[in-house]
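The block underneath contains the structure these notes are about, expressed in structure tokens.
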Amino acid sequence: MRTSTGLGYASTIHAAQGVSADTMHGLLTGQESRQQLYTMLTRGRTANHLYLQVVGDGDPHTLIRPDTISPRTPSEILQQILARDETLVSASTLLRELHNPAAGLFRAVQRYTDALHVAAEQLLGPQTVAELDQADQYLPGLTDEPAWPTLRAQLLALAAETGKHSLRHMLTAAAGRDLQTAGDMAAVLYWRLPELTPPNPGPLPWLPGIPSTLHDYPVWRAYLAKRSHLVADLAAQVQDHACQGDAQPAWAPHGSHPSSALIGEIAVWRAANGINPHDPRPTGGTQLETLRAFWKQRLNRDITRATHEPADAKAGEREAKRTAVGKQRQYQRPEQRPSGPSAPGR
């Protein structure tokens, strides 16, 4: 043991500043900045090794975060870190960023989806949630799978909408085909589950609407409606701002002629999903959630058509007509702006 092993010391990045070692092993979650990454990668004299967290951490408060529902690839995590600059900014710059509708849309989408899942848990009650967390009794090892947090959130949402116990939805999906050969049973079950079909559309085409059970839930009704309205308002601002510019967007392929409507749609998609402005991919990385994946495919097809079709007058006229209709229906607002209580506590 003495000849083949050596002592290792664990430290945070901040505490490791000014410290050197022969070899460094560092763990990154994707929330670090480029400055922290530089500090980490310059601690080892002979070697520096990075380990990336690409699955959820098991914390129940992160179950509904976009990074848990749609995990990023290692390359995307590194790009996210390199794009995060924690250099001090002036008060005027910070104020301008806080009023940026694109940044506000990303935060609003996160809070809207967060509120839907938390409301579903409160509606179902602690007993139902506790029973779901015992899913290993029916499918051994299920709660240890990487995609379990995503599956758990979807099962609770389905139970809140349909009134059927979440375990019934899980067992119905499990009865479809054998799961023994699945690399991640939870991921397979998630794709087998039916889609949520609220009577009211979501504020964005790929976001779920407010289920009728939650819409009739007095504790959450007004808050969820306000959240939905905020997402729709910010999306409209992002789209209008994108359509006003004359410059070709950075993501547009060479020789393409995207319409102003498509430019606005892509701008909303990128803002709502927090895609790095410097990412050359028009619709960003892989989307694992079904509705998001379908909408991403639809946008990619529109971009392909804009690349290969000539921008003649008739095509532009047809697109303008489609835009006039689509813009009215795309970002849905609640029928009324309720004046209810503030967000209920968890």
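Please note that chains go A, B, ... in the order of the structure tokens, that every chain numbers its residues from 1, and that ligands are numbered from 1 in the order shown.
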
Determine, counting only C-alpha atoms, which protein, DNA and RNA residues have an atom within 12 Å of an atom of Leu167 (chain A); residues of the same chain fewer than 2 positions away are not included. Present the result as a ChimeraX atom specification.
/A:128-139,151-152,154-156,158-159,163-165,169-174,189,193

List every residue of region 209-254 of chain A that has an atom at most 6 Å from any atom of region 101-123 of chain A, and for each one report the closest atom pair and its distance in Å to one decimal, counting only C-alpha atoms, with rows sorted by chain and then by increasing residue number, as a Markdown table.
```
| residue | atom | partner | partner_atom | distance |
| --- | --- | --- | --- | --- |
| A:Arg227 | CA | A:Tyr112 | CA | 5.6 |
| A:Val231 | CA | A:Ala108 | CA | 5.7 |
| A:Leu234 | CA | A:Leu105 | CA | 5.6 |
| A:Val238 | CA | A:Ala102 | CA | 5.9 |
```

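For the pair CA of Trp148 (chain A) and CA of Gln53 (chain A), the separation is 15.8 Å.
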
Quick one: of A:Met24, A:Leu37, A:Ala175, A:Leu95, who's nearest to His49 (chain A), counting only C-alpha atoms?
A:Met24

In region 73-234 of chain A, what's alpha helix (DSSP H) per DSSP? Answer as an MDAnalysis selection string?
chainID A and resid 74:83 91:98 101:124 126:132 148:162 166:174 185:192 212:215 221:234

Please build the interface table for region 194-273 of chain A against region 299-303 of chain A with a cut-off of 8 Å, listing for each qualifying residue the nearest atom pair and the distance in Å to one decimal; count only C-alpha atoms, order rows by chain and increasing number, and write it as a tab-separated table.
```
residue	atom	partner	partner_atom	distance
A:Pro258	CA	A:Ile303	CA	7.0
A:Leu262	CA	A:Asp302	CA	7.5
A:Ile266	CA	A:Leu299	CA	7.4
```

Take the residues that were just selected and, keeping C-alpha atoms, output them as a PDB file, in the first residue's frame.
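So result_14.pdb came out as:
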```pdb
ATOM      1  CA  PRO A 258     -34.773  32.770 -43.464  1.00  0.00           C
ATOM      2  CA  LEU A 262     -38.485  32.003 -38.749  1.00  0.00           C
ATOM      3  CA  ILE A 266     -35.557  30.619 -33.545  1.00  0.00           C
TER       4      ILE A 266
END
```

Across A:Thr304, A:Thr286, A:Gln36, A:Ser92, the smallest distance to Glu76 (chain A), with only C-alpha atoms counted, is shown by A:Thr286
